[in-house]
Structures are given as C-alpha cells and as structure tokens.
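work-v7.pdb follows (PDB, C-alpha atoms and all ligand atoms):
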ATOM      1  CA  MET T   1      13.306   8.186  14.022  1.00  0.00           C
ATOM      2  CA  PRO T   2       9.997   6.705  12.777  1.00  0.00           C
ATOM      3  CA  ASN T   3      10.352   3.262  11.214  1.00  0.00           C
ATOM      4  CA  ILE T   4       8.243   2.014   8.336  1.00  0.00           C
ATOM      5  CA  ALA T   5       7.514  -1.585   7.331  1.00  0.00           C
ATOM      6  CA  ILE T   6       6.318  -2.055   3.755  1.00  0.00           C
ATOM      7  CA  PHE T   7       4.090  -5.084   3.085  1.00  0.00           C
ATOM      8  CA  ALA T   8       3.883  -6.140  -0.554  1.00  0.00           C
ATOM      9  CA  SER T   9       2.986  -9.185  -2.647  1.00  0.00           C
ATOM     10  CA  GLY T  10       3.791  -8.178  -6.194  1.00  0.00           C
ATOM     11  CA  ALA T  11       6.060  -6.253  -8.530  1.00  0.00           C
ATOM     12  CA  GLY T  12       6.871  -3.688  -5.894  1.00  0.00           C
ATOM     13  CA  SER T  13       6.890  -0.530  -7.979  1.00  0.00           C
ATOM     14  CA  ASN T  14       5.263   1.421  -5.142  1.00  0.00           C
ATOM     15  CA  ALA T  15       7.707  -0.085  -2.662  1.00  0.00           C
ATOM     16  CA  ARG T  16      10.547   0.997  -4.958  1.00  0.00           C
ATOM     17  CA  GLU T  17       9.276   4.594  -5.120  1.00  0.00           C
ATOM     18  CA  ILE T  18       8.728   4.743  -1.356  1.00  0.00           C
ATOM     19  CA  ILE T  19      12.210   3.361  -0.700  1.00  0.00           C
ATOM     20  CA  ARG T  20      13.701   5.851  -3.156  1.00  0.00           C
ATOM     21  CA  TYR T  21      11.823   8.772  -1.589  1.00  0.00           C
ATOM     22  CA  PHE T  22      12.972   7.986   1.948  1.00  0.00           C
ATOM     23  CA  HIS T  23      16.554   7.075   1.037  1.00  0.00           C
ATOM     24  CA  GLN T  24      18.707   9.253   3.293  1.00  0.00           C
ATOM     25  CA  HIS T  25      15.614  10.965   4.694  1.00  0.00           C
ATOM     26  CA  PRO T  26      16.641  12.918   7.800  1.00  0.00           C
ATOM     27  CA  THR T  27      13.942  11.497  10.077  1.00  0.00           C
ATOM     28  CA  ILE T  28      12.077   8.580   8.459  1.00  0.00           C
ATOM     29  CA  LYS T  29      13.481   5.136   7.779  1.00  0.00           C
ATOM     30  CA  ILE T  30      12.213   2.177   5.736  1.00  0.00           C
ATOM     31  CA  SER T  31      13.295  -0.566   8.121  1.00  0.00           C
ATOM     32  CA  LEU T  32      11.988  -3.648   6.404  1.00  0.00           C
ATOM     33  CA  VAL T  33       9.902  -5.146   3.657  1.00  0.00           C
ATOM     34  CA  ALA T  34       7.551  -8.046   4.366  1.00  0.00           C
ATOM     35  CA  CYS T  35       6.398 -10.235   1.494  1.00  0.00           C
ATOM     36  CA  ASN T  36       4.017 -13.182   1.315  1.00  0.00           C
ATOM     37  CA  LYS T  37       4.804 -14.419  -2.185  1.00  0.00           C
ATOM     38  CA  ALA T  38       7.899 -16.343  -3.229  1.00  0.00           C
ATOM     39  CA  GLY T  39       9.458 -14.868  -6.349  1.00  0.00           C
ATOM     40  CA  ALA T  40       7.636 -11.528  -6.095  1.00  0.00           C
ATOM     41  CA  GLY T  41       9.425  -8.594  -7.722  1.00  0.00           C
ATOM     42  CA  VAL T  42       9.436  -6.670  -4.477  1.00  0.00           C
ATOM     43  CA  ILE T  43      12.012  -9.106  -3.062  1.00  0.00           C
ATOM     44  CA  ASP T  44      14.566  -7.855  -5.611  1.00  0.00           C
ATOM     45  CA  VAL T  45      13.471  -4.259  -5.032  1.00  0.00           C
ATOM     46  CA  ALA T  46      14.301  -4.615  -1.338  1.00  0.00           C
ATOM     47  CA  ALA T  47      17.555  -6.470  -2.019  1.00  0.00           C
ATOM     48  CA  SER T  48      18.866  -3.843  -4.413  1.00  0.00           C
ATOM     49  CA  ALA T  49      18.111  -1.129  -1.861  1.00  0.00           C
ATOM     50  CA  GLY T  50      19.837  -3.096   0.906  1.00  0.00           C
ATOM     51  CA  ILE T  51      16.621  -3.330   2.936  1.00  0.00           C
ATOM     52  CA  PRO T  52      15.883  -6.611   4.728  1.00  0.00           C
ATOM     53  CA  CYS T  53      12.983  -8.546   3.239  1.00  0.00           C
ATOM     54  CA  PHE T  54      11.114 -11.073   5.371  1.00  0.00           C
ATOM     55  CA  MET T  55       8.829 -13.767   4.039  1.00  0.00           C
ATOM     56  CA  ILE T  56       5.533 -14.047   5.912  1.00  0.00           C
ATOM     57  CA  ASN T  57       4.298 -17.517   6.763  1.00  0.00           C
ATOM     58  CA  LYS T  58       0.565 -17.904   6.093  1.00  0.00           C
ATOM     59  CA  ASP T  59      -0.238 -20.049   9.136  1.00  0.00           C
ATOM     60  CA  GLU T  60       1.716 -17.816  11.468  1.00  0.00           C
ATOM     61  CA  PHE T  61       0.081 -14.736  10.004  1.00  0.00           C
ATOM     62  CA  PHE T  62      -3.526 -15.921  10.217  1.00  0.00           C
ATOM     63  CA  LYS T  63      -3.447 -18.498  13.005  1.00  0.00           C
ATOM     64  CA  GLY T  64      -0.429 -17.296  14.952  1.00  0.00           C
ATOM     65  CA  ASP T  65       0.807 -13.908  16.083  1.00  0.00           C
ATOM     66  CA  ALA T  66       0.116 -11.974  12.834  1.00  0.00           C
ATOM     67  CA  CYS T  67       3.712 -10.625  12.878  1.00  0.00           C
ATOM     68  CA  VAL T  68       2.903  -8.352  15.828  1.00  0.00           C
ATOM     69  CA  PRO T  69       5.904  -9.276  18.041  1.00  0.00           C
ATOM     70  CA  PHE T  70       8.181  -9.114  15.000  1.00  0.00           C
ATOM     71  CA  LEU T  71       7.007  -5.600  14.080  1.00  0.00           C
ATOM     72  CA  LYS T  72       7.250  -4.455  17.701  1.00  0.00           C
ATOM     73  CA  GLN T  73      10.797  -5.847  17.976  1.00  0.00           C
ATOM     74  CA  HIS T  74      11.745  -3.742  14.970  1.00  0.00           C
ATOM     75  CA  ASN T  75      10.088  -0.662  16.508  1.00  0.00           C
ATOM     76  CA  ILE T  76       7.774  -0.231  13.539  1.00  0.00           C
ATOM     77  CA  ASP T  77       5.653   2.919  13.732  1.00  0.00           C
ATOM     78  CA  LEU T  78       3.757   2.630  10.462  1.00  0.00           C
ATOM     79  CA  VAL T  79       2.837  -0.368   8.312  1.00  0.00           C
ATOM     80  CA  VAL T  80       2.500   0.615   4.663  1.00  0.00           C
ATOM     81  CA  LEU T  81       0.663  -1.813   2.413  1.00  0.00           C
ATOM     82  CA  ALA T  82       1.805  -1.490  -1.188  1.00  0.00           C
ATOM     83  CA  GLY T  83       0.057  -4.153  -3.206  1.00  0.00           C
ATOM     84  CA  PHE T  84      -0.316  -6.598  -0.320  1.00  0.00           C
ATOM     85  CA  LEU T  85      -3.050  -9.054  -1.210  1.00  0.00           C
ATOM     86  CA  TRP T  86      -3.812 -10.761   2.096  1.00  0.00           C
ATOM     87  CA  LYS T  87      -6.407  -9.436   4.489  1.00  0.00           C
ATOM     88  CA  ILE T  88      -4.853  -7.946   7.615  1.00  0.00           C
ATOM     89  CA  PRO T  89      -5.778  -9.946  10.751  1.00  0.00           C
ATOM     90  CA  LEU T  90      -7.714  -8.106  13.442  1.00  0.00           C
ATOM     91  CA  SER T  91      -4.954  -8.682  15.997  1.00  0.00           C
ATOM     92  CA  LEU T  92      -2.501  -6.766  13.805  1.00  0.00           C
ATOM     93  CA  ILE T  93      -4.978  -3.927  13.264  1.00  0.00           C
ATOM     94  CA  GLU T  94      -5.585  -3.702  17.012  1.00  0.00           C
ATOM     95  CA  ALA T  95      -1.865  -3.692  17.763  1.00  0.00           C
ATOM     96  CA  PHE T  96      -1.304  -0.825  15.288  1.00  0.00           C
ATOM     97  CA  PRO T  97      -4.396   1.387  15.542  1.00  0.00           C
ATOM     98  CA  HIS T  98      -4.446   3.995  12.757  1.00  0.00           C
ATOM     99  CA  LYS T  99      -0.931   2.903  11.911  1.00  0.00           C
ATOM    100  CA  ILE T 100      -1.616   0.652   8.945  1.00  0.00           C
ATOM    101  CA  ILE T 101      -2.363   2.270   5.600  1.00  0.00           C
ATOM    102  CA  ASN T 102      -3.112   0.978   2.131  1.00  0.00           C
ATOM    103  CA  ILE T 103      -3.207   2.333  -1.393  1.00  0.00           C
ATOM    104  CA  HIS T 104      -5.988   1.290  -3.745  1.00  0.00           C
ATOM    105  CA  PRO T 105      -5.922   1.911  -7.500  1.00  0.00           C
ATOM    106  CA  ALA T 106      -9.440   3.390  -7.748  1.00  0.00           C
ATOM    107  CA  LEU T 107     -11.664   5.958  -6.107  1.00  0.00           C
ATOM    108  CA  LEU T 108     -13.045   4.112  -3.074  1.00  0.00           C
ATOM    109  CA  PRO T 109     -15.718   3.283  -2.052  1.00  0.00           C
ATOM    110  CA  ALA T 110     -16.193   2.414  -5.729  1.00  0.00           C
ATOM    111  CA  TYR T 111     -14.332  -0.630  -7.042  1.00  0.00           C
ATOM    112  CA  GLY T 112     -13.228  -1.929  -3.656  1.00  0.00           C
ATOM    113  CA  GLY T 113     -13.710  -5.140  -1.711  1.00  0.00           C
ATOM    114  CA  LYS T 114     -12.614  -8.737  -1.978  1.00  0.00           C
ATOM    115  CA  GLY T 115     -11.453  -9.726  -5.448  1.00  0.00           C
ATOM    116  CA  MET T 116     -11.199  -6.127  -6.637  1.00  0.00           C
ATOM    117  CA  TYR T 117      -7.554  -5.782  -7.483  1.00  0.00           C
ATOM    118  CA  GLY T 118      -5.250  -5.305 -10.437  1.00  0.00           C
ATOM    119  CA  GLU T 119      -6.673  -5.370 -13.934  1.00  0.00           C
ATOM    120  CA  LYS T 120     -10.182  -6.276 -12.761  1.00  0.00           C
ATOM    121  CA  ILE T 121     -10.563  -2.813 -11.335  1.00  0.00           C
ATOM    122  CA  HIS T 122      -9.535  -0.973 -14.471  1.00  0.00           C
ATOM    123  CA  GLU T 123     -11.666  -3.240 -16.676  1.00  0.00           C
ATOM    124  CA  SER T 124     -14.722  -2.527 -14.521  1.00  0.00           C
ATOM    125  CA  VAL T 125     -14.083   1.215 -14.532  1.00  0.00           C
ATOM    126  CA  LEU T 126     -13.897   1.224 -18.348  1.00  0.00           C
ATOM    127  CA  LEU T 127     -16.949  -1.036 -18.733  1.00  0.00           C
ATOM    128  CA  ASN T 128     -18.934   1.456 -16.694  1.00  0.00           C
ATOM    129  CA  ASN T 129     -17.823   4.296 -18.976  1.00  0.00           C
ATOM    130  CA  ASP T 130     -16.511   6.292 -16.026  1.00  0.00           C
ATOM    131  CA  LYS T 131     -14.915   9.567 -16.971  1.00  0.00           C
ATOM    132  CA  GLN T 132     -12.446   9.526 -14.094  1.00  0.00           C
ATOM    133  CA  SER T 133     -10.528   7.060 -11.986  1.00  0.00           C
ATOM    134  CA  GLY T 134      -7.729   7.588  -9.504  1.00  0.00           C
ATOM    135  CA  ILE T 135      -6.134   6.450  -6.273  1.00  0.00           C
ATOM    136  CA  THR T 136      -7.181   6.204  -2.641  1.00  0.00           C
ATOM    137  CA  VAL T 137      -4.909   6.065   0.389  1.00  0.00           C
ATOM    138  CA  HIS T 138      -6.791   4.854   3.450  1.00  0.00           C
ATOM    139  CA  TYR T 139      -6.400   3.428   6.921  1.00  0.00           C
ATOM    140  CA  VAL T 140      -6.802  -0.321   7.113  1.00  0.00           C
ATOM    141  CA  ASP T 141      -9.633  -1.804   9.114  1.00  0.00           C
ATOM    142  CA  GLU T 142     -11.003  -5.335   9.321  1.00  0.00           C
ATOM    143  CA  LEU T 143     -12.825  -5.091   5.970  1.00  0.00           C
ATOM    144  CA  TYR T 144     -11.188  -5.009   2.539  1.00  0.00           C
ATOM    145  CA  ASP T 145     -10.650  -1.466   1.204  1.00  0.00           C
ATOM    146  CA  HIS T 146     -12.910  -0.009   3.853  1.00  0.00           C
ATOM    147  CA  GLY T 147     -11.057   2.144   6.397  1.00  0.00           C
ATOM    148  CA  GLN T 148     -11.135   5.914   6.645  1.00  0.00           C
ATOM    149  CA  VAL T 149      -9.896   7.710   3.532  1.00  0.00           C
ATOM    150  CA  ILE T 150      -6.720   9.762   3.950  1.00  0.00           C
ATOM    151  CA  PHE T 151      -6.186  10.995   0.411  1.00  0.00           C
ATOM    152  CA  GLN T 152      -7.623  10.686  -3.087  1.00  0.00           C
ATOM    153  CA  LYS T 153      -6.420  11.935  -6.454  1.00  0.00           C
ATOM    154  CA  THR T 154      -8.243  11.594  -9.753  1.00  0.00           C
ATOM    155  CA  CYS T 155      -7.134  11.141 -13.340  1.00  0.00           C
ATOM    156  CA  ASP T 156      -9.219  11.620 -16.481  1.00  0.00           C
ATOM    157  CA  ILE T 157     -10.182   8.691 -18.663  1.00  0.00           C
ATOM    158  CA  GLU T 158     -10.008   9.135 -22.427  1.00  0.00           C
ATOM    159  CA  ASP T 159     -12.123   7.178 -24.938  1.00  0.00           C
ATOM    160  CA  THR T 160      -8.921   5.561 -26.157  1.00  0.00           C
ATOM    161  CA  ASP T 161      -7.900   4.232 -22.732  1.00  0.00           C
ATOM    162  CA  THR T 162      -7.483   0.480 -22.267  1.00  0.00           C
ATOM    163  CA  PRO T 163      -7.131  -1.395 -18.949  1.00  0.00           C
ATOM    164  CA  ASP T 164      -3.357  -1.279 -19.486  1.00  0.00           C
ATOM    165  CA  SER T 165      -3.156   2.431 -20.226  1.00  0.00           C
ATOM    166  CA  LEU T 166      -5.431   3.241 -17.300  1.00  0.00           C
ATOM    167  CA  ALA T 167      -3.324   1.027 -15.019  1.00  0.00           C
ATOM    168  CA  GLU T 168      -0.271   2.963 -16.155  1.00  0.00           C
ATOM    169  CA  LYS T 169      -1.908   6.339 -15.400  1.00  0.00           C
ATOM    170  CA  VAL T 170      -2.988   5.144 -11.980  1.00  0.00           C
ATOM    171  CA  HIS T 171       0.440   3.720 -11.189  1.00  0.00           C
ATOM    172  CA  GLN T 172       2.012   7.069 -12.040  1.00  0.00           C
ATOM    173  CA  LEU T 173      -0.377   8.798  -9.635  1.00  0.00           C
ATOM    174  CA  GLU T 174       0.497   6.270  -6.944  1.00  0.00           C
ATOM    175  CA  HIS T 175       4.219   6.769  -7.376  1.00  0.00           C
ATOM    176  CA  ARG T 176       3.863  10.546  -7.328  1.00  0.00           C
ATOM    177  CA  HIS T 177       1.696  10.789  -4.227  1.00  0.00           C
ATOM    178  CA  TYR T 178       2.028   7.772  -1.915  1.00  0.00           C
ATOM    179  CA  PRO T 179       5.526   8.570  -0.556  1.00  0.00           C
ATOM    180  CA  ARG T 180       4.581  12.182   0.157  1.00  0.00           C
ATOM    181  CA  ILE T 181       1.340  11.176   1.897  1.00  0.00           C
ATOM    182  CA  ILE T 182       3.294   8.740   4.089  1.00  0.00           C
ATOM    183  CA  GLU T 183       5.734  11.494   4.991  1.00  0.00           C
ATOM    184  CA  GLU T 184       2.927  13.902   5.892  1.00  0.00           C
ATOM    185  CA  LEU T 185       1.207  11.288   8.049  1.00  0.00           C
ATOM    186  CA  LEU T 186       4.376  10.531   9.984  1.00  0.00           C
ATOM    187  CA  GLN T 187       5.143  14.207  10.440  1.00  0.00           C
ATOM    188  CA  LYS T 188       1.693  14.636  12.019  1.00  0.00           C
ATOM    189  CA  MET T 189       2.210  11.572  14.243  1.00  0.00           C
ATOM    190  CA  PHE T 190       5.588  12.612  15.650  1.00  0.00           C
TER
HETATM  191  C1  LIG V   1      -0.975  -0.907  -6.865  1.00  0.00           C
HETATM  192  O1  LIG V   1      -1.746  -0.536  -7.962  1.00  0.00           O
HETATM  193  C2  LIG V   1      -1.726  -0.666  -5.585  1.00  0.00           C
HETATM  194  O2  LIG V   1      -2.668   0.343  -5.663  1.00  0.00           O
HETATM  195  C3  LIG V   1      -2.441  -1.972  -5.350  1.00  0.00           C
HETATM  196  O3  LIG V   1      -1.543  -2.938  -5.802  1.00  0.00           O
HETATM  197  C4  LIG V   1      -0.718  -2.400  -6.836  1.00  0.00           C
HETATM  198  C5  LIG V   1       0.691  -2.747  -6.500  1.00  0.00           C
HETATM  199  O4  LIG V   1       1.561  -2.451  -7.541  1.00  0.00           O
HETATM  200  N1  LIG V   1      -2.856  -2.094  -3.975  1.00  0.00           N
HETATM  201  P1  LIG V   1       3.124  -2.528  -7.313  1.00  0.00           P
HETATM  202  O5  LIG V   1       3.464  -3.923  -6.837  1.00  0.00           O
HETATM  203  O6  LIG V   1       3.481  -1.499  -6.297  1.00  0.00           O
HETATM  204  O7  LIG V   1       3.720  -2.233  -8.643  1.00  0.00           O
END

Starting from the file, lay out its structure as structure tokens.
Amino acid sequence: MPNIAIFASGAGSNAREIIRYFHQHPTIKISLVACNKAGAGVIDVAASAGIPCFMINKDEFFKGDACVPFLKQHNIDLVVLAGFLWKIPLSLIEAFPHKIINIHPALLPAYGGKGMYGEKIHESVLLNNDKQSGITVHYVDELYDHGQVIFQKTCDIEDTDTPDSLAEKVHQLEHRHYPRIIEELLQKMF
C-alpha cells in the first residue's frame, strides 16, 4: 500500500481535502503529516483525522538529515507538499527522486520563485490585469517552484475579483484537483 507524507506550514485546507479523499482508500494511505510551524492549522487537521503530525526541526532539516531516515522508516512513497514554505534540501530531493510534488496557486512559470506565495501572488496577477489564473502541480527540484509540471488548471478572472476572491477560486480548484492528481500519480507508480 503506497504511503503518503503531507508537508504543510499553514491552515492545511489542502491537507484536509487530501486526507478526506484518501480516507478508507483501498490502496493509498496518508501515513503522516509533517509541519514546520508551531500553531499551524494543519496540526489540528491532522489531529482530528487521527493522523500523526510531526514537527520538523529547522537545524535538523537543513543541517542534518533532512528527515530522510524518518521518511524511509515510515516507508513513505510520495511526499506531498501542501503549503509548505521551506525550500526542500537537495539531500531529500535526491533520496526521493520524482517522489516529491508541490501545488502552486498560479500558472507556473509565471508568479513563482522565492517570496511568491499567498496573497502576493494573487495581488500580482490582478495588478497585471491577467484574464486567467489557476493552479500548477509539479515535481519538486532544488529551485523554488521550478520542477517539471504535472498538471495545470485555469480559472477566469472577472473585473470584480479581489485578491481574496481570486484566492478563494484558486483554493477551490486546488481542493477539487490535487487529491485526484496524487491518486493518478501513485496509480502510475505502482
Ligand atoms: C495553497 O494555496 C497552495 O497552493 C500553496 O499554499 C497554499 C496552502 O493553503 N502552496 P492551505 O494551507 O492548504 O489552505
């Protein structure tokens, strides 16, 4: 049975949808959540689903073993980033080649890179008068928001949209598609 680890730093709405989607799934299991931020909403999301949540230590992550032995001990097959704001160390990427994916709330390669997260993205999209935004699921490599694209989905932008309303549209797209894309990836892998 493939095992997934979800890495998240924030509210955890994507984590919640992924956990819900795979609850009682016949072949795929969400084994653990890893979080780097005390008090993050995702900690409660994991707790209410009965999924163990581990706090990541910054020094260990960047100067130590990058969680590799821990993930191997738990037989993790796929690392799913869902709003995880730290860069993934090269040693973790090398230990899980093509087995770490991320979701980005814009149409990469536009609006990606260091510092491009959350509201900043949607504000920039609206400032540029773009007519569409959307989501990108991609493999993680050693650069921010850079790895090979797996899936994209667009949404239309109306003149009346605000950063908040656009964020809401994009979140809905994420919730609708990310779990299914994860399932398809794992079905191809196994
Ligand atoms: C999502 O918009 C995701 O695309 C980005 O971080 C956000 C996380 O939101 N990488 P949530 O914590 O899942 O609600």

List every residue of chain T that has an atom at most 9 Å from any atom of ligand LIG 1 (chain V), and for each one report the closest atom pair and its distance in Å to one decimal, counting all atoms listed in the file, with rows sorted by chain and then by increasing residue number, as JSON lines.
{"residue": "T:Ala8", "atom": "CA", "partner": "V:LIG1", "partner_atom": "O5", "distance": 6.7}
{"residue": "T:Ser9", "atom": "CA", "partner": "V:LIG1", "partner_atom": "O5", "distance": 6.7}
{"residue": "T:Gly10", "atom": "CA", "partner": "V:LIG1", "partner_atom": "O5", "distance": 4.3}
{"residue": "T:Ala11", "atom": "CA", "partner": "V:LIG1", "partner_atom": "O5", "distance": 3.9}
{"residue": "T:Gly12", "atom": "CA", "partner": "V:LIG1", "partner_atom": "O5", "distance": 3.5}
{"residue": "T:Ser13", "atom": "CA", "partner": "V:LIG1", "partner_atom": "O7", "distance": 3.7}
{"residue": "T:Asn14", "atom": "CA", "partner": "V:LIG1", "partner_atom": "O6", "distance": 3.6}
{"residue": "T:Ala15", "atom": "CA", "partner": "V:LIG1", "partner_atom": "O6", "distance": 5.8}
{"residue": "T:Arg16", "atom": "CA", "partner": "V:LIG1", "partner_atom": "O6", "distance": 7.6}
{"residue": "T:Glu17", "atom": "CA", "partner": "V:LIG1", "partner_atom": "O6", "distance": 8.5}
{"residue": "T:Ala40", "atom": "CA", "partner": "V:LIG1", "partner_atom": "O5", "distance": 8.7}
{"residue": "T:Gly41", "atom": "CA", "partner": "V:LIG1", "partner_atom": "O5", "distance": 7.6}
{"residue": "T:Val42", "atom": "CA", "partner": "V:LIG1", "partner_atom": "O5", "distance": 7.0}
{"residue": "T:Leu81", "atom": "CA", "partner": "V:LIG1", "partner_atom": "N1", "distance": 7.3}
{"residue": "T:Ala82", "atom": "CA", "partner": "V:LIG1", "partner_atom": "O6", "distance": 5.4}
{"residue": "T:Gly83", "atom": "CA", "partner": "V:LIG1", "partner_atom": "O3", "distance": 3.3}
{"residue": "T:Phe84", "atom": "CA", "partner": "V:LIG1", "partner_atom": "N1", "distance": 6.3}
{"residue": "T:Leu85", "atom": "CA", "partner": "V:LIG1", "partner_atom": "N1", "distance": 7.5}
{"residue": "T:Asn102", "atom": "CA", "partner": "V:LIG1", "partner_atom": "N1", "distance": 6.8}
{"residue": "T:Ile103", "atom": "CA", "partner": "V:LIG1", "partner_atom": "O2", "distance": 4.7}
{"residue": "T:His104", "atom": "CA", "partner": "V:LIG1", "partner_atom": "O2", "distance": 3.9}
{"residue": "T:Pro105", "atom": "CA", "partner": "V:LIG1", "partner_atom": "O2", "distance": 4.1}
{"residue": "T:Ala106", "atom": "CA", "partner": "V:LIG1", "partner_atom": "O2", "distance": 7.7}
{"residue": "T:Tyr117", "atom": "CA", "partner": "V:LIG1", "partner_atom": "C3", "distance": 6.7}
{"residue": "T:Gly118", "atom": "CA", "partner": "V:LIG1", "partner_atom": "O3", "distance": 6.4}
{"residue": "T:Ile135", "atom": "CA", "partner": "V:LIG1", "partner_atom": "O2", "distance": 7.0}
{"residue": "T:Thr136", "atom": "CA", "partner": "V:LIG1", "partner_atom": "O2", "distance": 8.0}
{"residue": "T:Val137", "atom": "CA", "partner": "V:LIG1", "partner_atom": "O2", "distance": 8.6}
{"residue": "T:Ala167", "atom": "CA", "partner": "V:LIG1", "partner_atom": "O1", "distance": 7.4}
{"residue": "T:Val170", "atom": "CA", "partner": "V:LIG1", "partner_atom": "O1", "distance": 7.1}
{"residue": "T:His171", "atom": "CA", "partner": "V:LIG1", "partner_atom": "O1", "distance": 5.8}
{"residue": "T:Glu174", "atom": "CA", "partner": "V:LIG1", "partner_atom": "O2", "distance": 6.8}
{"residue": "T:His175", "atom": "CA", "partner": "V:LIG1", "partner_atom": "O6", "distance": 8.4}

Problem - Best match for closeness to Leu71 in chain T among T:Asn57, T:Ala34, T:Asp164, T:Ile51, counting only C-alpha atoms - result: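 Looking at the shortest contact to Leu71 in chain T, the residue is T:Ala34.
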
Practice task
For Gln73 in chain T, work out the shell of residues within 12 Å, counting all atoms listed in the file and skipping chain neighbours fewer than 4 positions away, then give it as a PyMOL selection string.
Solution key: chain T and resi 3+5+31-32+67-69+77

Practice task
Please write as a PyMOL selection string the full residue list that the PyMOL selection byres (((chain T and resi 187) around 12) and not hetatm) yields on this file.
Solution key: chain T and resi 1-2+26-28+77-78+180-186+188-190

Exercise for the section: Have a look at CA of Leu166 in chain T and CA of His122 in chain T and let me know their distance in Å, one decimal. Expected result: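 Distance between the two atoms: 6.5 Å.
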
Exercise for the section: Go through T:Leu92, T:Leu127, T:Met55, T:Ala49 and flag the residue nearest Lys37 in chain T, using all atoms listed in the file for the distances. Expected result: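 So, comparing all the options, the nearest one is T:Met55.
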
Fill in the blank from the handout: CA of His138 in chain T to CA of Ile101 in chain T measures 5.6 Å

Completion exercise
re CA of Lys87 in chain T and CA of His23 in chain T: distance 28.5 Å

At a cut-off of 8 Å, using all atoms listed in the file, what residues contact Tyr111 in chain T? Leave out same-chain residues fewer than 5 positions from it and give the result as a compact mmCIF listing (two decimals) with C-alpha atoms, in the frame of the given file.
# COMPACT_ATOMS: atom_id res chain seq x y z
CA ALA T 106 -9.44 3.39 -7.75
CA MET T 116 -11.20 -6.13 -6.64
CA ILE T 121 -10.56 -2.81 -11.34
CA SER T 124 -14.72 -2.53 -14.52
CA VAL T 125 -14.08 1.22 -14.53

Problem - Residues selected by the PyMOL selection byres (((chain T and resi 99) around 9) and not hetatm), written as a PyMOL selection string - result: chain T and resi 77-80+93+95-98+100-101+139-140

Exercise for the section: Find the residue from T:Ile30, T:Ile157, T:Leu173, T:Leu126 that sits nearest to His74 in chain T; use only C-alpha atoms when measuring. Expected result: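 Of all the options, T:Ile30 lies closest to His74 in chain T.
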
Handout entry: Which residue of T:Trp86, T:Phe151, T:Phe61, T:Phe54 approaches Gly134 in chain T most closely, using only C-alpha atoms
Key =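 Ranked by minimum distance to Gly134 in chain T, first place goes to T:Phe151.
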
Draw an axis-aligned box over all listed atoms of range 114-128 of chain T, pad each side with 5 Å, and write its centre and edge lengths in Å, one decimal, as JSON.
{"center_x": -12.1, "center_y": -4.1, "center_z": -10.4, "size_x": 23.7, "size_y": 21.2, "size_z": 26.8}

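Selection around (-12.7, 10.1, -13.5) with radius 10 Å, counting all atoms listed in the file, yields the residues Ala106, Leu107, Val125, Asn129, Asp130, Lys131, Gln132, Ser133, Gly134, Lys153, Thr154, Cys155, Asp156, Ile157 and Glu158 of chain T.
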
Using N, CA, C and O atoms, give me range 78-90 of chain T from the structure I just pasted, as a compact mmCIF listing (two decimals), in the first residue's frame.
# COMPACT_ATOMS: atom_id res chain seq x y z
N LEU T 78 5.55 8.80 -1.39
CA LEU T 78 5.35 10.10 -2.04
C LEU T 78 5.26 11.18 -0.97
O LEU T 78 4.51 11.04 0.01
N VAL T 79 6.03 12.25 -1.17
CA VAL T 79 5.95 13.41 -0.28
C VAL T 79 5.11 14.47 -1.00
O VAL T 79 5.44 14.88 -2.11
N VAL T 80 4.04 14.88 -0.35
CA VAL T 80 3.11 15.85 -0.95
C VAL T 80 3.23 17.16 -0.20
O VAL T 80 2.91 17.22 1.00
N LEU T 81 3.73 18.18 -0.86
CA LEU T 81 3.80 19.50 -0.22
C LEU T 81 2.46 20.20 -0.42
O LEU T 81 1.96 20.27 -1.56
N ALA T 82 1.90 20.68 0.66
CA ALA T 82 0.60 21.37 0.58
C ALA T 82 0.70 22.64 1.41
O ALA T 82 0.32 22.67 2.57
N GLY T 83 1.31 23.66 0.80
CA GLY T 83 1.52 24.90 1.53
C GLY T 83 2.69 24.79 2.48
O GLY T 83 2.64 25.26 3.61
N PHE T 84 3.76 24.15 2.03
CA PHE T 84 4.97 24.02 2.86
C PHE T 84 5.96 25.08 2.40
O PHE T 84 6.35 25.12 1.23
N LEU T 85 6.36 25.96 3.34
CA LEU T 85 7.05 27.18 2.90
C LEU T 85 8.58 27.09 2.94
O LEU T 85 9.25 28.03 2.54
N TRP T 86 9.14 26.01 3.43
CA TRP T 86 10.59 25.89 3.39
C TRP T 86 11.04 25.24 2.09
O TRP T 86 10.33 24.37 1.55
N LYS T 87 12.24 25.64 1.66
CA LYS T 87 12.83 25.00 0.49
C LYS T 87 13.22 23.57 0.85
O LYS T 87 13.67 23.30 1.97
N ILE T 88 13.06 22.66 -0.08
CA ILE T 88 13.38 21.26 0.20
C ILE T 88 14.88 21.02 -0.04
O ILE T 88 15.38 21.30 -1.14
N PRO T 89 15.60 20.53 0.97
CA PRO T 89 17.04 20.31 0.81
C PRO T 89 17.34 19.29 -0.29
O PRO T 89 16.56 18.35 -0.51
N LEU T 90 18.48 19.50 -0.94
CA LEU T 90 18.87 18.63 -2.06
C LEU T 90 18.93 17.16 -1.64
O LEU T 90 18.54 16.26 -2.39
